[in-house]
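Since the structure comes first, as structure tokens, the remarks are kept for the end.
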Amino acid sequence: MILLSIETSCDETAAAVVQGGREILSSVISSQIAIHAAYGGVVPEIASRKHLESLAPVISQTLKDAGIGMETIEGVAVTRGPGLSGALLVGFSAAKAIAVARKIPFVGVHHIEGHLFAPFLEQPVEFPFLALVVSGGHTHLYHVEGFGHYTTLGRTIDDAAGEAYDKCAKIMGMQYPGGVLIDRMAQSGNPDAIRLPRPLLRDGSLNFSFSGLKTAVMQHVMKNPLSIPGQAADDLCASFQEAVCHVLAAKTEAAIRQCGATRLVVAGGVACNSGLRGRMATLCTKLGVELYIPHPSLCGDNAAMLAVPGDYYLSHGHVSSLALDVTATWDMDSIKETLK
């Protein structure tokens with residue numbers, strides 16, 4: 001199928017045209033980062049309004065880049081949740097309107113499903129596999145047996161890793177979003193300069209917690225004011241990144257051993273992080289596990305990734321009802337119940 005996919009779960013207005021759930025014909029992303037930077041984080045109302053302004057031009061540009069018209073589109077895949085309700089409604093309503101006008105099927109896709117299958121746009125990945133999804137709102141470990149069949153092995157009990165990056169960057173006096181700045185500065189710092197906690201490292205579970213690490217960074221900055229740029233700031237960034245990557249790698253290793261996994265997918269916005277990519281490569285080499293991390297352009301929120309599960313669902317007759325609504329929260333484990 002030639003699918004149009006739409007993503008508006010947070011602050012990226014995105015659309016893509018994908019053929020067969022694998023070949024990207026076009027992908028357009030309109031970012032709101034510059035708008036929300038002034039507020040130090042995403043403002044839901046502003047995000048929704050900006051999606052309303054941007055979505056039609058983004059879809060138009062996507063079709064133009066693909067060299068096709070709307071009459072060529074055979075189905076629509078759109079993020080149903082989780083995310084900001086107002087933002088989700090913009091994309092979801094547009095998808096329904098297109099489906100009705102063109103008399104084609106549409107399917108609402110879980111945002112994290114898109115991230116899970118982003119690597120499929122570059123190369124095939126055999127089932128089953130273990131997946132670590134790390135983003136601003138999620139830090140989860142999943143055992144993936146097939147499309148729609150996921151088991152949550154571990155999750156964050158407070159701040160997600162990406163959220164901790166941005167909050168710690170703010171504490172250090174950096175502009176939003178600060179995760180990429182921490183990664184950049186960490187490369188010039190000493191990861192052993194400051195001893196920071198590794199929350200839940202030895203609790204026996206596969207869950208994550210990063211709020212305590214954030215508090216430790218705040219306490220350090222209060223006692224040791226930073227100057228940016230400066231070596232002290234670089235050392236703190238490197239030490240913070242080392243703590244996060246240490247925990248993510250340790251929990252992932254435990255999950256691999258528990259499941260006997262031979263394949264690992266690492267996805268989500270934080271999968272762009274150089275420290276995490278390096279740590280996961282080292283871990284998989286050590287354990288003899290195949291590693292799949294998508295190109296950075298497919299790690300952040302984008303619409304192309306939604307077409308992978310979207311194509312599967314529509315091709316197998318799993319079409320969403322026009323009465324379906326968005327959902328701000330959505331448990332991945334429950335998806336298989338809707339496929340029966």
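Each chain in the structure tokens gets a letter, A, B, ..., in the order shown, and its residues are numbered from 1; ligands are numbered from 1 in order too.
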Counting only C-alpha atoms, which residues in range 2-107 of chain A sit no more than 12 Å from range 125-142 of chain A? For each one, give the nearest pair of atoms and the distance in Å, sorted by chain then residue number, as JSON lines.
{"residue": "A:Ser9", "atom": "CA", "partner": "A:Gly137", "partner_atom": "CA", "distance": 11.2}
{"residue": "A:Cys10", "atom": "CA", "partner": "A:Gly137", "partner_atom": "CA", "distance": 10.1}
{"residue": "A:Asp11", "atom": "CA", "partner": "A:Gly136", "partner_atom": "CA", "distance": 11.6}
{"residue": "A:Arg22", "atom": "CA", "partner": "A:Val125", "partner_atom": "CA", "distance": 11.8}
{"residue": "A:Gly41", "atom": "CA", "partner": "A:Gly136", "partner_atom": "CA", "distance": 11.0}
{"residue": "A:Val42", "atom": "CA", "partner": "A:Gly136", "partner_atom": "CA", "distance": 11.0}
{"residue": "A:Pro82", "atom": "CA", "partner": "A:Gly137", "partner_atom": "CA", "distance": 9.6}
{"residue": "A:Gly83", "atom": "CA", "partner": "A:Gly137", "partner_atom": "CA", "distance": 8.8}
{"residue": "A:Leu84", "atom": "CA", "partner": "A:Gly137", "partner_atom": "CA", "distance": 11.0}
Save out the residues we just selected, N, CA and C atoms, as an mmCIF file, in the first residue's frame.
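That gives us again-v8.cif:
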data_model
loop_
_atom_site.group_PDB
_atom_site.id
_atom_site.type_symbol
_atom_site.label_atom_id
_atom_site.label_comp_id
_atom_site.auth_asym_id
_atom_site.auth_seq_id
_atom_site.Cartn_x
_atom_site.Cartn_y
_atom_site.Cartn_z
ATOM 1 N N SER A 9 1.802 14.105 17.944
ATOM 2 C CA SER A 9 1.599 13.750 19.356
ATOM 3 C C SER A 9 2.143 14.773 20.336
ATOM 4 N N CYS A 10 3.133 15.554 19.899
ATOM 5 C CA CYS A 10 3.732 16.531 20.829
ATOM 6 C C CYS A 10 4.022 17.844 20.107
ATOM 7 N N ASP A 11 5.251 18.084 19.760
ATOM 8 C CA ASP A 11 5.601 19.380 19.172
ATOM 9 C C ASP A 11 6.249 19.273 17.797
ATOM 10 N N ARG A 22 7.815 0.085 4.055
ATOM 11 C CA ARG A 22 9.279 0.023 4.135
ATOM 12 C C ARG A 22 9.978 1.146 3.365
ATOM 13 N N GLY A 41 10.095 24.558 27.733
ATOM 14 C CA GLY A 41 9.432 23.267 27.576
ATOM 15 C C GLY A 41 8.200 23.422 26.700
ATOM 16 N N VAL A 42 7.594 22.309 26.350
ATOM 17 C CA VAL A 42 6.442 22.323 25.444
ATOM 18 C C VAL A 42 5.195 22.838 26.157
ATOM 19 N N PRO A 82 0.129 7.518 22.798
ATOM 20 C CA PRO A 82 -0.119 8.560 23.789
ATOM 21 C C PRO A 82 0.477 9.900 23.343
ATOM 22 N N GLY A 83 0.132 10.949 24.078
ATOM 23 C CA GLY A 83 0.631 12.271 23.736
ATOM 24 C C GLY A 83 -0.252 13.349 24.326
ATOM 25 N N LEU A 84 -0.099 14.556 23.838
ATOM 26 C CA LEU A 84 -0.920 15.680 24.277
ATOM 27 C C LEU A 84 -2.261 15.603 23.556
#
Next on the checklist: Taking the DSSP secondary structure from the backbone, can you list the residues of range 52-284 of chain A that are strand (DSSP E or B), as a ChimeraX atom specification?
Outcome noted: /A:75-81,106-110,129-134,139-146,149-156,208,263-267
Can you check which parts of range 37-84 of chain A lie within 9 Å of range 170-187 of chain A? Per residue, the shortest pair of atoms and distance in Å to one decimal, counting only C-alpha atoms, sorted by chain and number, as JSON lines.
{"residue": "A:Ala37", "atom": "CA", "partner": "A:Tyr176", "partner_atom": "CA", "distance": 5.1}
{"residue": "A:Ala38", "atom": "CA", "partner": "A:Tyr176", "partner_atom": "CA", "distance": 7.9}
{"residue": "A:Tyr39", "atom": "CA", "partner": "A:Tyr176", "partner_atom": "CA", "distance": 8.3}
{"residue": "A:Gly40", "atom": "CA", "partner": "A:Tyr176", "partner_atom": "CA", "distance": 5.3}
{"residue": "A:Gly41", "atom": "CA", "partner": "A:Tyr176", "partner_atom": "CA", "distance": 6.4}
Which residues in range 113-168 of chain A does DSSP call helix (DSSP H, G or I)? List them as a compact mmCIF listing (two decimals) with N, CA and C atoms, in the first residue's frame.
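Result file is out_14.txt:
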# COMPACT_ATOMS: atom_id res chain seq x y z
N GLU A 113 4.82 2.29 19.10
CA GLU A 113 4.92 1.29 18.03
C GLU A 113 5.74 1.83 16.87
N GLY A 114 5.49 3.10 16.54
CA GLY A 114 6.25 3.71 15.47
C GLY A 114 7.73 3.66 15.76
N HIS A 115 8.12 4.07 16.97
CA HIS A 115 9.54 4.05 17.34
C HIS A 115 10.10 2.63 17.29
N LEU A 116 9.33 1.66 17.78
CA LEU A 116 9.80 0.27 17.80
C LEU A 116 10.18 -0.22 16.41
N PHE A 117 9.41 0.20 15.41
CA PHE A 117 9.61 -0.34 14.07
C PHE A 117 10.34 0.62 13.13
N ALA A 118 10.85 1.73 13.65
CA ALA A 118 11.63 2.65 12.81
C ALA A 118 12.80 1.96 12.11
N PRO A 119 13.51 1.02 12.78
CA PRO A 119 14.63 0.35 12.09
C PRO A 119 14.20 -0.42 10.85
N PHE A 120 12.92 -0.85 10.78
CA PHE A 120 12.43 -1.61 9.64
C PHE A 120 12.47 -0.79 8.35
N LEU A 121 12.53 0.53 8.47
CA LEU A 121 12.60 1.40 7.29
C LEU A 121 13.99 1.37 6.66
N ALA A 161 14.25 9.16 30.69
CA ALA A 161 15.65 9.56 30.49
C ALA A 161 15.75 10.88 29.74
N GLY A 162 14.98 11.03 28.66
CA GLY A 162 15.03 12.28 27.90
C GLY A 162 14.56 13.47 28.70
N GLU A 163 13.56 13.24 29.54
CA GLU A 163 13.05 14.29 30.42
C GLU A 163 14.13 14.71 31.41
N ALA A 164 14.86 13.72 31.93
CA ALA A 164 15.94 14.01 32.88
C ALA A 164 17.05 14.81 32.21
N TYR A 165 17.34 14.49 30.96
CA TYR A 165 18.35 15.25 30.22
C TYR A 165 17.95 16.72 30.12
N ASP A 166 16.71 16.97 29.71
CA ASP A 166 16.27 18.35 29.51
C ASP A 166 16.17 19.11 30.84
N LYS A 167 15.71 18.43 31.89
CA LYS A 167 15.60 19.09 33.19
C LYS A 167 16.97 19.40 33.77
N CYS A 168 17.92 18.48 33.61
CA CYS A 168 19.27 18.74 34.13
C CYS A 168 19.95 19.84 33.32
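Of the residues under consideration (A:Asp235, A:Asp301, A:Glu242, A:Glu23), A:Glu242 shows the shortest atom-to-atom contact distance to Arg279 in chain A when counting only C-alpha atoms.
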Contact table range 138-211 of chain A vs range 323-335 of chain A, cut-off 6 Å, shortest pair per residue, only C-alpha atoms, as CSV:
residue,atom,partner,partner_atom,distance
A:Gly148,CA,A:Ile335,CA,5.6
A:Tyr150,CA,A:Asp333,CA,5.5
A:Thr151,CA,A:Asp333,CA,5.6
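Rounded to one decimal, CA of Leu196 in chain A and CA of Ala255 in chain A lie 23.5 Å from each other.
Distance check against Leu248 in chain A using only C-alpha atoms: of A:Leu201, A:Val28, A:Val289, A:Cys284, the minimum falls on A:Leu201.
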Checklist entry - Within 12 Å of Glu74 in chain A, counting only C-alpha atoms, which residues qualify if same-chain residues fewer than 5 places away don't, as a list in words? => result Met1, Ile2, Leu3, Leu4, Ser5, Val17, Val18, Gln19, Gly20, Ile68, Gly69, Ile98, Ala99, Arg102, Lys103, Ile104, Pro105, Phe106, Val107, Ala307, Gly310, Asp311, Leu314 and Ser315 of chain A
Write the residues you've just listed into a file as an mmCIF file, in the first residue's frame, and include N, CA and C atoms for each of them.
data_model
loop_
_atom_site.group_PDB
_atom_site.id
_atom_site.type_symbol
_atom_site.label_atom_id
_atom_site.label_comp_id
_atom_site.auth_asym_id
_atom_site.auth_seq_id
_atom_site.Cartn_x
_atom_site.Cartn_y
_atom_site.Cartn_z
ATOM 1 N N MET A 1 0.832 -1.197 0.000
ATOM 2 C CA MET A 1 0.000 0.000 0.000
ATOM 3 C C MET A 1 0.869 1.250 0.000
ATOM 4 N N ILE A 2 0.342 2.303 -0.575
ATOM 5 C CA ILE A 2 0.978 3.612 -0.472
ATOM 6 C C ILE A 2 0.224 4.369 0.612
ATOM 7 N N LEU A 3 0.891 4.572 1.735
ATOM 8 C CA LEU A 3 0.244 5.185 2.889
ATOM 9 C C LEU A 3 0.701 6.617 3.104
ATOM 10 N N LEU A 4 -0.236 7.433 3.554
ATOM 11 C CA LEU A 4 0.084 8.739 4.102
ATOM 12 C C LEU A 4 0.053 8.564 5.612
ATOM 13 N N SER A 5 1.117 8.934 6.285
ATOM 14 C CA SER A 5 1.135 8.835 7.744
ATOM 15 C C SER A 5 1.309 10.214 8.349
ATOM 16 N N VAL A 17 4.982 9.823 3.163
ATOM 17 C CA VAL A 17 4.387 8.872 2.230
ATOM 18 C C VAL A 17 5.331 7.683 2.173
ATOM 19 N N VAL A 18 4.800 6.512 2.499
ATOM 20 C CA VAL A 18 5.615 5.298 2.572
ATOM 21 C C VAL A 18 4.942 4.190 1.786
ATOM 22 N N GLN A 19 5.714 3.475 0.981
ATOM 23 C CA GLN A 19 5.177 2.388 0.166
ATOM 24 C C GLN A 19 5.551 1.039 0.773
ATOM 25 N N GLY A 20 4.550 0.186 0.929
ATOM 26 C CA GLY A 20 4.795 -1.160 1.431
ATOM 27 C C GLY A 20 5.299 -1.216 2.851
ATOM 28 N N ILE A 68 3.380 12.687 -6.034
ATOM 29 C CA ILE A 68 2.063 12.085 -6.230
ATOM 30 C C ILE A 68 0.978 13.044 -5.758
ATOM 31 N N GLY A 69 -0.259 12.705 -6.088
ATOM 32 C CA GLY A 69 -1.402 13.461 -5.602
ATOM 33 C C GLY A 69 -2.138 12.662 -4.551
ATOM 34 N N ILE A 98 -9.469 12.850 5.652
ATOM 35 C CA ILE A 98 -8.886 12.346 4.408
ATOM 36 C C ILE A 98 -9.471 10.978 4.062
ATOM 37 N N ALA A 99 -9.617 10.119 5.093
ATOM 38 C CA ALA A 99 -10.164 8.783 4.873
ATOM 39 C C ALA A 99 -11.588 8.845 4.342
ATOM 40 N N ARG A 102 -11.619 10.465 0.698
ATOM 41 C CA ARG A 102 -11.049 9.596 -0.336
ATOM 42 C C ARG A 102 -11.646 8.192 -0.335
ATOM 43 N N LYS A 103 -12.486 7.891 0.692
ATOM 44 C CA LYS A 103 -13.068 6.550 0.832
ATOM 45 C C LYS A 103 -11.977 5.481 0.931
ATOM 46 N N ILE A 104 -11.005 5.764 1.798
ATOM 47 C CA ILE A 104 -9.905 4.826 2.041
ATOM 48 C C ILE A 104 -9.833 4.535 3.536
ATOM 49 N N PRO A 105 -9.206 3.437 3.941
ATOM 50 C CA PRO A 105 -9.136 3.077 5.360
ATOM 51 C C PRO A 105 -8.082 3.894 6.103
ATOM 52 N N PHE A 106 -8.307 4.033 7.396
ATOM 53 C CA PHE A 106 -7.281 4.656 8.234
ATOM 54 C C PHE A 106 -7.122 3.821 9.487
ATOM 55 N N VAL A 107 -5.961 3.956 10.130
ATOM 56 C CA VAL A 107 -5.698 3.217 11.359
ATOM 57 C C VAL A 107 -4.954 4.113 12.341
ATOM 58 N N ALA A 307 4.148 4.273 9.478
ATOM 59 C CA ALA A 307 3.686 3.518 8.321
ATOM 60 C C ALA A 307 4.074 2.049 8.396
ATOM 61 N N GLY A 310 1.404 0.622 10.567
ATOM 62 C CA GLY A 310 0.183 1.013 9.870
ATOM 63 C C GLY A 310 -0.072 0.154 8.646
ATOM 64 N N ASP A 311 0.960 -0.107 7.859
ATOM 65 C CA ASP A 311 0.829 -0.935 6.673
ATOM 66 C C ASP A 311 0.435 -2.363 7.055
ATOM 67 N N LEU A 314 -3.413 -2.346 8.271
ATOM 68 C CA LEU A 314 -4.370 -2.157 7.185
ATOM 69 C C LEU A 314 -4.351 -3.336 6.207
ATOM 70 N N SER A 315 -3.172 -3.893 5.960
ATOM 71 C CA SER A 315 -3.060 -5.028 5.055
ATOM 72 C C SER A 315 -3.712 -6.284 5.619
#
Item to check | Between CA of Val244 in chain A and CA of Lys286 in chain A, distance in Å (one decimal) | outcome: 19.5 Å
Next on the checklist: So, with only C-alpha atoms as the atoms that count, which of A:Gln241, A:Ala250, A:His318, A:Asn207 lies closest to Thr338 in chain A?
Outcome noted: A:His318
Checklist entry - Distance CA of Ala169 in chain A-CA of Lys214 in chain A, one decimal place? => result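 Between these atoms lies a distance of 9.7 Å.
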Next on the checklist: Under the rule that only C-alpha atoms are counted, which of A:His51, A:Arg263, A:Arg80, A:Lys251 is the nearest residue to Val109 in chain A?
Outcome noted: A:Arg80
Checklist entry - Smallest atom-to-atom distance to Glu7 in chain A: which of A:His149, A:His246, A:His111, A:His295, using only C-alpha atoms? => result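 Closest candidate: A:His111.
Here the question is which of A:Leu206, A:Val319, A:Ala15, A:Val144 gets nearest to Leu264 in chain A using only C-alpha atoms, and that residue is A:Val144.
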Checklist entry - What's the 8 Å shell around Gly91 in chain A, counting only C-alpha atoms, without same-chain residues fewer than 3 positions away, as an NGL selection string? => result :A and (6-8 or 51 or 55 or 78-79 or 87-88 or 94-95)
Checklist entry - Can you tell me, as a count of residues only, what residues are no more than 12 Å from Gln231 in chain A when counting only C-alpha atoms, ignoring any on the same chain fewer than 3 positions away? => result 16
Item to check | All residues 9 Å or closer to Met280 in chain A, only C-alpha atoms, same chain fewer than 2 positions away omitted, as a VMD selection string | outcome: chain A and resid 245 248 to 249 252 266 275 to 278 282 to 285 291
With C-alpha atoms retained, could you export that selection as an mmCIF file, in the first residue's frame?
data_model
loop_
_atom_site.group_PDB
_atom_site.id
_atom_site.type_symbol
_atom_site.label_atom_id
_atom_site.label_comp_id
_atom_site.auth_asym_id
_atom_site.auth_seq_id
_atom_site.Cartn_x
_atom_site.Cartn_y
_atom_site.Cartn_z
ATOM 1 C CA CYS A 245 23.964 5.221 30.074
ATOM 2 C CA LEU A 248 20.221 1.920 30.675
ATOM 3 C CA ALA A 249 22.910 -0.562 29.649
ATOM 4 C CA THR A 252 19.069 -3.805 29.110
ATOM 5 C CA VAL A 266 17.133 0.855 20.569
ATOM 6 C CA GLY A 275 27.030 8.016 24.542
ATOM 7 C CA LEU A 276 24.047 5.658 24.470
ATOM 8 C CA ARG A 277 24.754 4.465 20.929
ATOM 9 C CA GLY A 278 28.351 3.686 21.869
ATOM 10 C CA THR A 282 29.738 -2.296 23.229
ATOM 11 C CA LEU A 283 27.090 -4.258 25.154
ATOM 12 C CA CYS A 284 25.823 -6.099 22.077
ATOM 13 C CA THR A 285 29.346 -6.984 20.950
ATOM 14 C CA LEU A 291 21.915 -4.332 17.420
#
